[in-house]
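J.: Just upload_16.tsv, nothing more (TSV, C-alpha atoms):
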chain	number	residue	atom	x	y	z
X	278	MET	CA	0.00	0.00	0.00
X	279	LEU	CA	2.71	2.44	1.01
X	280	PRO	CA	4.86	1.97	-2.14
X	281	THR	CA	1.79	2.48	-4.33
X	282	VAL	CA	0.95	5.76	-2.62
X	283	ALA	CA	4.56	6.86	-2.89
X	284	CYS	CA	4.66	6.05	-6.59
X	285	ALA	CA	1.41	7.93	-7.16
X	286	ILE	CA	2.75	10.99	-5.37
X	287	VAL	CA	5.95	10.91	-7.39
X	288	ALA	CA	4.02	10.54	-10.63
X	289	ILE	CA	1.72	13.44	-9.77
X	290	ALA	CA	4.71	15.56	-8.88
X	291	LEU	CA	6.37	14.75	-12.18
X	292	PHE	CA	3.27	15.56	-14.20
X	293	ALA	CA	2.84	18.78	-12.28
X	294	THR	CA	6.36	19.92	-12.93
X	295	LEU	CA	6.33	19.31	-16.67
X	296	PRO	CA	3.94	22.11	-17.69
X	297	LEU	CA	5.61	24.51	-15.32
X	298	SER	CA	9.00	23.94	-16.83
X	299	SER	CA	7.69	24.30	-20.37
X	300	GLN	CA	5.85	27.47	-19.51
X	301	ALA	CA	8.95	28.82	-17.87
X	302	ALA	CA	10.97	28.09	-20.96
X	303	ALA	CA	8.41	29.71	-23.23
X	304	SER	CA	8.04	32.78	-21.09
X	305	ASP	CA	11.71	33.25	-20.47
X	306	PRO	CA	12.47	36.77	-21.73
X	307	ALA	CA	15.99	35.77	-22.56
X	308	LEU	CA	14.93	33.06	-24.99
X	309	VAL	CA	11.90	34.51	-26.76
X	310	PRO	CA	13.64	37.42	-28.48
X	311	ALA	CA	16.41	35.15	-29.61
X	312	LEU	CA	13.94	32.76	-31.23
X	313	SER	CA	11.82	35.47	-32.79
X	314	ASN	CA	14.78	37.34	-34.22
X	315	ALA	CA	16.07	34.25	-36.03
X	316	PRO	CA	14.22	34.11	-39.36
X	317	THR	CA	13.17	30.63	-40.32
X	318	PRO	CA	14.54	29.92	-43.77
X	319	TYR	CA	12.17	28.27	-46.18
X	320	LEU	CA	11.91	27.63	-49.85
X	321	SER	CA	8.92	28.41	-52.02
X	322	ALA	CA	8.93	26.52	-55.28
X	323	SER	CA	6.68	25.37	-58.07
X	324	VAL	CA	6.92	23.10	-61.08
X	325	SER	CA	4.92	23.69	-64.23
X	326	TRP	CA	4.18	21.18	-66.96
X	327	ASN	CA	2.88	22.74	-70.18
X	328	GLY	CA	2.20	25.91	-68.27
X	329	GLN	CA	0.11	24.18	-65.63
X	330	ASN	CA	1.26	23.79	-62.04
X	331	VAL	CA	1.77	20.14	-61.23
X	332	SER	CA	0.17	20.57	-57.82
X	333	SER	CA	-3.18	20.30	-59.61
X	334	TYR	CA	-2.31	16.70	-60.54
X	335	GLY	CA	-1.94	15.52	-56.97
X	336	SER	CA	-4.25	12.52	-57.10
X	337	VAL	CA	-4.81	9.50	-59.31
X	338	SER	CA	-8.19	10.77	-60.47
X	339	SER	CA	-6.67	14.08	-61.61
X	340	ALA	CA	-3.59	12.56	-63.23
X	341	LEU	CA	-2.06	14.30	-66.23
X	342	ALA	CA	-2.50	12.29	-69.42
X	343	ILE	CA	0.78	12.07	-71.31
X	344	ASP	CA	2.50	9.97	-73.92
X	345	LEU	CA	5.19	8.07	-72.04
X	346	ALA	CA	7.50	8.01	-75.06
X	347	GLN	CA	7.24	11.70	-75.85
X	348	SER	CA	9.71	14.25	-74.57
X	349	GLU	CA	8.32	16.80	-72.14
X	350	THR	CA	9.75	19.95	-70.58
X	351	LEU	CA	9.13	20.94	-66.99
X	352	PHE	CA	10.01	24.33	-65.51
X	353	TYR	CA	11.24	24.56	-61.94
X	354	ASN	CA	10.95	27.90	-60.17
X	355	TRP	CA	12.12	28.49	-56.64
X	356	THR	CA	12.89	31.32	-54.24
X	357	SER	CA	14.53	31.06	-50.87
X	358	HIS	CA	13.29	33.23	-48.05
X	359	GLY	CA	15.19	34.10	-44.92
X	360	ALA	CA	18.60	32.59	-45.10
X	361	ARG	CA	20.09	31.63	-48.44
X	362	ILE	CA	19.21	28.08	-49.46
X	363	ALA	CA	21.51	26.98	-52.22
X	364	ILE	CA	20.01	24.60	-54.72
X	365	ASN	CA	22.47	22.55	-56.68
X	366	ASP	CA	20.34	19.88	-58.34
X	367	VAL	CA	16.88	19.64	-59.89
X	368	ARG	CA	15.43	16.15	-60.02
X	369	LEU	CA	12.41	14.31	-61.38
X	370	GLU	CA	11.69	10.67	-60.53
X	371	MET	CA	9.02	8.21	-61.60
X	372	PHE	CA	8.07	5.52	-59.11
X	373	TYR	CA	6.69	2.05	-59.68
X	374	LEU	CA	6.30	-0.60	-56.95
X	375	GLY	CA	8.17	1.70	-54.60
X	376	PHE	CA	11.26	2.04	-56.76
X	377	ALA	CA	12.40	4.96	-58.88
X	378	VAL	CA	12.23	3.44	-62.33
X	379	THR	CA	13.45	6.58	-64.08
X	380	THR	CA	15.36	9.54	-62.72
X	381	ARG	CA	16.24	12.75	-64.50
X	382	ASP	CA	18.65	15.28	-63.00
X	383	VAL	CA	19.81	18.71	-63.98
X	384	ASP	CA	23.00	19.63	-62.14
X	385	LEU	CA	23.48	23.35	-61.78
X	386	ASN	CA	27.01	24.61	-62.26
X	387	THR	CA	26.62	27.16	-59.50
X	388	SER	CA	24.23	26.76	-56.65
X	389	GLN	CA	21.33	29.18	-56.78
X	390	SER	CA	19.03	30.46	-54.11
X	391	ASN	CA	16.54	31.73	-56.69
X	392	GLY	CA	16.09	30.43	-60.14
X	393	SER	CA	14.14	28.90	-62.95
X	394	VAL	CA	15.41	25.76	-64.64
X	395	PRO	CA	13.87	23.78	-67.52
X	396	LEU	CA	14.07	20.01	-67.35
X	397	THR	CA	13.51	17.99	-70.50
X	398	TRP	CA	12.42	14.45	-69.80
X	399	THR	CA	11.33	11.35	-71.67
X	400	PRO	CA	9.70	8.81	-69.31
X	401	ILE	CA	10.54	5.66	-71.24
X	402	SER	CA	12.44	5.17	-74.46
X	403	VAL	CA	10.26	2.33	-75.76
X	404	SER	CA	6.74	3.51	-76.47
X	405	TYR	CA	5.15	0.09	-76.92
X	406	LEU	CA	5.95	-1.11	-73.42
X	407	LEU	CA	3.94	0.42	-70.58
X	408	GLU	CA	0.91	2.49	-69.78
X	409	GLY	CA	-1.02	3.27	-66.64
X	410	VAL	CA	-0.82	5.62	-63.67
X	411	TYR	CA	2.55	6.53	-62.18
X	412	ARG	CA	3.63	8.85	-59.42
X	413	LEU	CA	6.27	11.46	-60.17
X	414	THR	CA	8.28	13.39	-57.62
X	415	ALA	CA	9.82	16.74	-58.46
X	416	SER	CA	12.47	17.79	-55.98
X	417	LEU	CA	15.10	20.43	-55.38
X	418	ILE	CA	18.39	19.19	-53.93
X	419	ALA	CA	20.79	21.35	-51.93
X	420	THR	CA	24.53	21.25	-52.19
X	421	ASN	CA	24.78	18.87	-49.25
X	422	HIS	CA	22.46	16.43	-51.12
X	423	THR	CA	19.53	17.25	-48.88
X	424	THR	CA	16.08	17.42	-50.45
X	425	MET	CA	14.93	20.95	-49.69
X	426	TRP	CA	11.60	20.77	-51.50
X	427	SER	CA	9.60	18.08	-53.24
X	428	GLU	CA	6.16	17.61	-54.66
X	429	ASN	CA	4.33	14.49	-55.79
X	430	PHE	CA	1.99	14.37	-58.73
X	431	TYR	CA	0.52	11.71	-61.01
X	432	VAL	CA	0.62	11.09	-64.72
X	433	ARG	CA	-1.42	8.68	-66.78
X	434	GLY	CA	0.66	7.20	-69.55
X	435	THR	CA	-1.26	6.28	-72.65
X	436	ALA	CA	-0.11	3.73	-75.18
X	437	PRO	CA	-0.10	4.34	-78.93
X	438	LEU	CA	-3.62	3.91	-80.34
X	439	GLY	CA	-4.85	3.69	-76.77
X	440	PHE	CA	-4.12	0.03	-76.16
X	441	VAL	CA	-0.98	-1.07	-78.01
X	442	ALA	CA	1.43	-1.69	-75.16
X	443	LEU	CA	3.29	-4.88	-74.43
X	444	LEU	CA	2.65	-5.32	-70.73
X	445	PRO	CA	-1.17	-4.94	-70.74
X	446	ILE	CA	-1.45	-7.24	-73.75
X	447	VAL	CA	0.65	-9.91	-72.02
X	448	LEU	CA	-1.43	-9.51	-68.89
X	449	LEU	CA	-4.65	-9.86	-70.86
X	450	ILE	CA	-3.40	-13.05	-72.53
X	451	LEU	CA	-2.38	-14.43	-69.15
X	452	LEU	CA	-5.78	-13.51	-67.73
X	453	VAL	CA	-7.65	-15.32	-70.51
X	454	TYR	CA	-5.39	-18.36	-70.18
X	455	GLU	CA	-5.95	-18.61	-66.44
X	456	VAL	CA	-9.72	-18.20	-66.80
X	457	TYR	CA	-9.64	-21.02	-69.35
X	458	GLY	CA	-7.59	-23.14	-66.95
X	459	LEU	CA	-10.00	-22.39	-64.14
X	460	ALA	CA	-12.98	-23.35	-66.28
X	461	ARG	CA	-11.34	-26.68	-67.10
X	462	SER	CA	-10.18	-27.41	-63.57
X	463	GLY	CA	-13.09	-29.80	-63.06
X	464	ARG	CA	-11.30	-32.37	-65.20
X	465	TYR	CA	-8.66	-32.68	-62.51
X	466	ALA	CA	-11.23	-34.27	-60.23
X	467	MET	CA	-10.48	-37.63	-61.86
X	468	THR	CA	-6.77	-37.37	-61.13
X	469	GLY	CA	-5.64	-40.14	-58.78
X	470	ARG	CA	-9.12	-41.63	-58.63
X	471	LYS	CA	-9.54	-45.26	-59.74
X	472	PRO	CA	-12.78	-45.98	-61.51
X	473	THR	CA	-15.13	-47.78	-59.18
X	474	ALA	CA	-16.88	-49.64	-61.99
X	475	ALA	CA	-13.64	-51.39	-63.03
X	476	LYS	CA	-13.54	-53.67	-59.98
X	477	PRO	CA	-16.84	-55.50	-59.68
X	478	THR	CA	-17.20	-57.95	-56.81
X	479	THR	CA	-19.12	-60.39	-58.98
X	480	PRO	CA	-18.41	-61.19	-62.58
X	481	PRO	CA	-20.68	-59.63	-65.13
X	482	PRO	CA	-23.77	-61.57	-66.03
X	483	GLN	CA	-22.56	-62.29	-69.56
X	484	ALA	CA	-19.42	-64.08	-68.39
X	485	PRO	CA	-20.83	-67.26	-66.75
X	486	PRO	CA	-22.96	-68.33	-69.73
X	487	ALA	CA	-20.02	-67.84	-72.03
X	488	GLN	CA	-17.76	-69.91	-69.79
X	489	THR	CA	-20.37	-72.61	-69.34
X	490	ALA	CA	-20.96	-72.66	-73.04
X	491	ALA	CA	-17.27	-73.03	-73.60
X	492	THR	CA	-16.62	-75.70	-70.94
X	493	THR	CA	-19.74	-77.86	-71.16
X	494	PRO	CA	-19.95	-80.10	-74.15
X	495	PRO	CA	-22.90	-79.90	-76.40
X	496	SER	CA	-25.76	-82.01	-75.35
X	497	GLY	CA	-26.06	-84.10	-78.43
X	498	GLY	CA	-22.47	-84.92	-79.33
X	499	ASP	CA	-19.17	-86.22	-77.95
X	500	GLN	CA	-17.01	-83.44	-79.24
X	501	LYS	CA	-14.27	-82.02	-77.00
X	502	PRO	CA	-14.82	-78.57	-75.56
X	503	THR	CA	-13.24	-75.92	-77.68
X	504	GLU	CA	-10.85	-73.39	-76.19
X	505	PRO	CA	-11.89	-69.77	-76.44
X	506	PRO	CA	-9.98	-67.84	-79.05
X	507	ALA	CA	-6.85	-66.14	-77.85
X	508	GLU	CA	-7.87	-62.74	-79.15
X	509	THR	CA	-11.04	-62.72	-77.10
X	510	PRO	CA	-10.79	-59.84	-74.63
X	511	PRO	CA	-11.04	-60.77	-70.98
X	512	PRO	CA	-14.23	-59.95	-69.20
X	513	SER	CA	-14.44	-56.58	-67.66
X	514	GLY	CA	-12.87	-56.40	-64.28
X	515	GLY	CA	-10.02	-58.73	-65.04
X	516	SER	CA	-7.44	-56.09	-65.71
X	517	SER	CA	-5.12	-57.07	-62.84
B	760	MET	CA	-3.46	-32.30	-58.24
B	761	SER	CA	-7.17	-32.14	-57.53
B	762	ALA	CA	-9.70	-29.81	-59.09
B	763	THR	CA	-9.72	-27.68	-55.95
B	764	THR	CA	-5.94	-27.29	-55.95
B	765	HIS	CA	-5.86	-26.51	-59.65
B	766	GLY	CA	-8.63	-23.95	-59.26
B	767	ALA	CA	-6.84	-22.33	-56.33
B	768	GLY	CA	-3.66	-22.02	-58.36
B	769	CYS	CA	-5.48	-20.42	-61.26
B	770	GLY	CA	-7.27	-18.08	-58.86
B	771	VAL	CA	-4.04	-16.91	-57.24
B	772	VAL	CA	-2.51	-16.06	-60.61
B	773	LEU	CA	-5.75	-14.38	-61.68
B	774	GLY	CA	-5.82	-12.19	-58.56
B	775	ILE	CA	-2.22	-11.04	-59.02
B	776	VAL	CA	-2.62	-10.43	-62.74
B	777	LEU	CA	-5.81	-8.50	-62.18
B	778	VAL	CA	-4.12	-6.09	-59.76
B	779	VAL	CA	-1.30	-5.32	-62.21
B	780	LEU	CA	-3.78	-5.01	-65.07
B	781	LEU	CA	-5.86	-2.50	-63.10
B	782	GLN	CA	-2.74	-0.39	-62.73
B	783	GLN	CA	-2.07	-0.60	-66.44
B	784	ILE	CA	-5.54	0.60	-67.37
B	785	GLY	CA	-5.25	3.49	-64.93
B	786	SER	CA	-7.55	2.42	-62.14
B	787	LEU	CA	-4.98	1.63	-59.46
B	788	ASP	CA	-1.84	3.31	-58.19
B	789	LEU	CA	1.07	0.95	-57.56
B	790	SER	CA	3.76	3.56	-57.04
B	791	ASP	CA	4.41	2.78	-53.38
B	792	LEU	CA	5.63	-0.59	-52.20
B	793	VAL	CA	3.52	-1.18	-49.10
B	794	PRO	CA	0.02	-0.73	-50.58
B	795	THR	CA	1.20	-2.62	-53.65
B	796	ILE	CA	2.15	-5.63	-51.56
B	797	GLU	CA	-1.17	-5.37	-49.74
B	798	TYR	CA	-3.09	-5.27	-53.01
B	799	LEU	CA	-1.16	-8.25	-54.39
B	800	VAL	CA	-1.61	-10.32	-51.23
B	801	VAL	CA	-5.32	-9.53	-51.01
B	802	GLY	CA	-5.76	-10.30	-54.71
B	803	ALA	CA	-3.90	-13.59	-54.38
B	804	VAL	CA	-5.83	-14.69	-51.29
B	805	VAL	CA	-9.25	-13.72	-52.62
B	806	GLY	CA	-8.47	-15.21	-56.01
B	807	GLY	CA	-7.17	-18.39	-54.44
B	808	VAL	CA	-10.25	-18.88	-52.28
B	809	LEU	CA	-12.66	-18.13	-55.10
B	810	GLY	CA	-10.66	-20.31	-57.48
B	811	ALA	CA	-10.63	-23.19	-55.01
B	812	LEU	CA	-14.39	-22.94	-54.59
B	813	THR	CA	-14.89	-22.80	-58.34
B	814	GLY	CA	-12.60	-25.79	-58.88
B	815	TRP	CA	-14.34	-27.76	-56.18
B	816	VAL	CA	-17.78	-27.10	-57.67
B	817	LEU	CA	-16.59	-27.86	-61.21
B	818	GLY	CA	-14.92	-31.04	-59.98
B	819	ARG	CA	-18.12	-32.23	-58.35
B	820	ASN	CA	-20.09	-31.51	-61.50
B	821	TYR	CA	-17.51	-33.30	-63.61
B	822	LEU	CA	-17.54	-36.33	-61.34
B	823	ALA	CA	-21.33	-36.43	-61.34
B	824	ARG	CA	-21.50	-36.24	-65.12
B	825	HIS	CA	-18.69	-38.73	-65.54
B	826	ALA	CA	-20.27	-41.23	-63.14
B	827	ALA	CA	-23.63	-40.87	-64.90
B	828	ALA	CA	-21.99	-41.43	-68.27
B	829	GLU	CA	-20.15	-44.51	-66.97
B	830	SER	CA	-23.27	-45.99	-65.43
B	831	SER	CA	-25.27	-45.42	-68.59
B	832	ALA	CA	-22.49	-46.97	-70.65
B	833	ALA	CA	-22.40	-49.99	-68.32
B	834	LYS	CA	-26.12	-50.51	-68.78
Can you present the structure in this file as C-alpha cells?
T.:
Amino acid sequence: MLPTVACAIVAIALFATLPLSSQAAASDPALVPALSNAPTPYLSASVSWNGQNVSSYGSVSSALAIDLAQSETLFYNWTSHGARIAINDVRLEMFYLGFAVTTRDVDLNTSQSNGSVPLTWTPISVSYLLEGVYRLTASLIATNHTTMWSENFYVRGTAPLGFVALLPIVLLILLVYEVYGLARSGRYAMTGRKPTAAKPTTPPPQAPPAQTAATTPPSGGDQKPTEPPAETPPPSGGSS
Amino acid sequence: MSATTHGAGCGVVLGIVLVVLLQQIGSLDLSDLVPTIEYLVVGAVVGGVLGALTGWVLGRNYLARHAAAESSAAK
C-alpha cells in the first residue's frame, strides 16, 4: 500500500512539474527574443508542366494524361526566403512498386538560391511497353544532397492507339489463359481416382454363360470342348 | 493435383494479374511498395479462395457427369 501511494505521489509531482518547466521556458524573456529574431529559412517553389502547375495533378483521379514516349519539358521555379538556401540539383523521378524506375537530373554549375530551370524528360524510351498511372516526384536538392523541396503528382501514360502496349497485352493473354484453366479445372477431379466400376465384386452376367458354353460339351455330341480364341478380350474387371 | 488445388492455383494467378492489369488501365496506383504488396496479397488470397471454390464445384459436377456417363455406358 505504502509503495503504491509513494509512486502515485511521485508521478503526480512529475506531471505537475512538466507544464511549469515548459511554460517557464516559453516565457523566459531571454529566450523569446532570440527565437523570434532568427528568421526561419524556407523555400517556395513550383513546377509547371505545359504551363500548368503540377500541384493540380496531386491525385490518381486528376492525373495528367501524357505519352510516355514523348519528350516533355518541366520548368522549376524556386525562391529562398530568410537565409540563403543553395540549390544545386533539380530532379524528377518516376516511381513504380516503390522504386524509382526513371530519374532525370539537372545539375546546376553554380548553386542558386533563386532560379528557374527547364528540365527535359522522356519517361521511357520504348513507347510500346507500358501504360497506366505513375507517381512522379519533383524535388530540389541542396549542395549537401539534402532534399529541400519536393512535390508528388501523377501522370497517366497512354499507349499508342490507346491500347498497343506490351505489358497490358501480355497480362490480358495471361488472364484469358488462367480463366480457361479455371474453367477446365473440373477435369482434374479424376486425377488419382480409380474408376469404381472397373472392380466389380461379382463377374458380369454375360461371363458365366459364355464360360459354361465353352466348358460344357454340347448335349447331343461327344465333341471335345473348344478353347476360347486367344484374341477374345477378358471380361471386364479382369485387368489385374 | 485435384480440381480444388488446380482452381486455387489459377485463382491466385488471376488475382495477381488483375491487380497489375488494373494499374495498367489506370484504375490503381502501384507507385508505393507497401500498398502494392497489400493489393497483391489480397488479390492472391481472394483469387485463391474463389478459385478453389470454383474448382471444387466444377470437380463435383464433372464427377457427377462422368459417373452418370459410366453408369449409362455400363447398362
J.: What residues in chain X lie within 6 Å of chain B, counting only C-alpha atoms, written as a short mmCIF file (atom, residue, chain, number, x, y, z; two decimals) with C-alpha atoms, in the frame of the given file?
T.:
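The resulting file, iface-v7.cif, is shown below:
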data_model
loop_
_atom_site.label_atom_id
_atom_site.label_comp_id
_atom_site.auth_asym_id
_atom_site.auth_seq_id
_atom_site.Cartn_x
_atom_site.Cartn_y
_atom_site.Cartn_z
CA PHE X 372 8.07 5.52 -59.11
CA TYR X 373 6.69 2.05 -59.68
CA LEU X 374 6.30 -0.60 -56.95
CA GLY X 375 8.17 1.70 -54.60
CA GLU X 408 0.91 2.49 -69.78
CA GLY X 409 -1.02 3.27 -66.64
CA VAL X 410 -0.82 5.62 -63.67
CA ARG X 412 3.63 8.85 -59.42
CA GLU X 455 -5.95 -18.61 -66.44
CA LEU X 459 -10.00 -22.39 -64.14
CA SER X 462 -10.18 -27.41 -63.57
CA GLY X 463 -13.09 -29.80 -63.06
CA TYR X 465 -8.66 -32.68 -62.51
CA ALA X 466 -11.23 -34.27 -60.23
#
J.: Place a sphere of radius 12 Å on (3.7, 28.6, -56.4) in the file coordinates and name every protein, DNA or RNA residue with an atom inside or on its surface, counting all atoms listed in the file; give the answer as a ChimeraX atom specification.
T.: /X:320-325,329-333,352-356,428
J.: Quick one: everything within 6 Å of range 378-388 of chain X, counting only C-alpha atoms, minus sequence neighbours fewer than 2 positions away in the same chain. Send it as a ChimeraX atom specification.
T.: /X:363-372,376
J.: Tell me which of X:Val403, X:Leu444, X:Ile450, X:Leu413 sits closest to Gln347 in chain X, counting all atoms listed in the file.
T.: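 Residue with the minimum atom-to-atom distance to Gln347 in chain X: X:Val403.
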J.: Report, in Å with one decimal, the straight-line distance from CA of Leu341 in chain X to CA of Arg433 in chain X.
T.: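 Distance between the two atoms: 5.7 Å.
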J.: Pick from X:Tyr431, X:Leu443, X:Met467, X:Val456: nearest to Ser339 in chain X, with all atoms listed in the file counted?
T.: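 Nearest to Ser339 in chain X: X:Tyr431.
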J.: Grab the CA of Gln389 in chain X to CA of Arg361 in chain X distance for me, in Å with one decimal place.
T.: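 Separation of CA of Gln389 in chain X and CA of Arg361 in chain X: 8.8 Å.
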J.: Have a look at CA of Leu448 in chain X and CA of Phe430 in chain X and let me know their distance in Å, one decimal.
T.: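 Going from CA of Leu448 in chain X over to CA of Phe430 in chain X covers 26.2 Å.
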J.: Using all atoms listed in the file, find the one residue out of X:Gly328, X:Pro437, X:Pro318, X:Pro395 that sits nearest to Ser357 in chain X.
T.: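 Closest to Ser357 in chain X of all the choices is X:Pro318.
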J.: So which residues touch Leu417 in chain X within 6 Å, counting only C-alpha atoms, skipping near sequence neighbours fewer than 2 positions away, as a PDB file with C-alpha atoms, keeping the file's coordinate frame?
T.:
ATOM      1  CA  VAL X 367      16.880  19.640 -59.890  1.00  0.00           C
ATOM      2  CA  THR X 424      16.080  17.420 -50.450  1.00  0.00           C
ATOM      3  CA  MET X 425      14.930  20.950 -49.690  1.00  0.00           C
ATOM      4  CA  TRP X 426      11.600  20.770 -51.500  1.00  0.00           C
TER       5      TRP X 426
END
J.: Could you name the residues that touch Ala342 in chain X at 8 Å or less, counting only C-alpha atoms, but leaving out those on the same chain fewer than 3 positions away, as a ChimeraX atom specification?
T.: /X:432-435
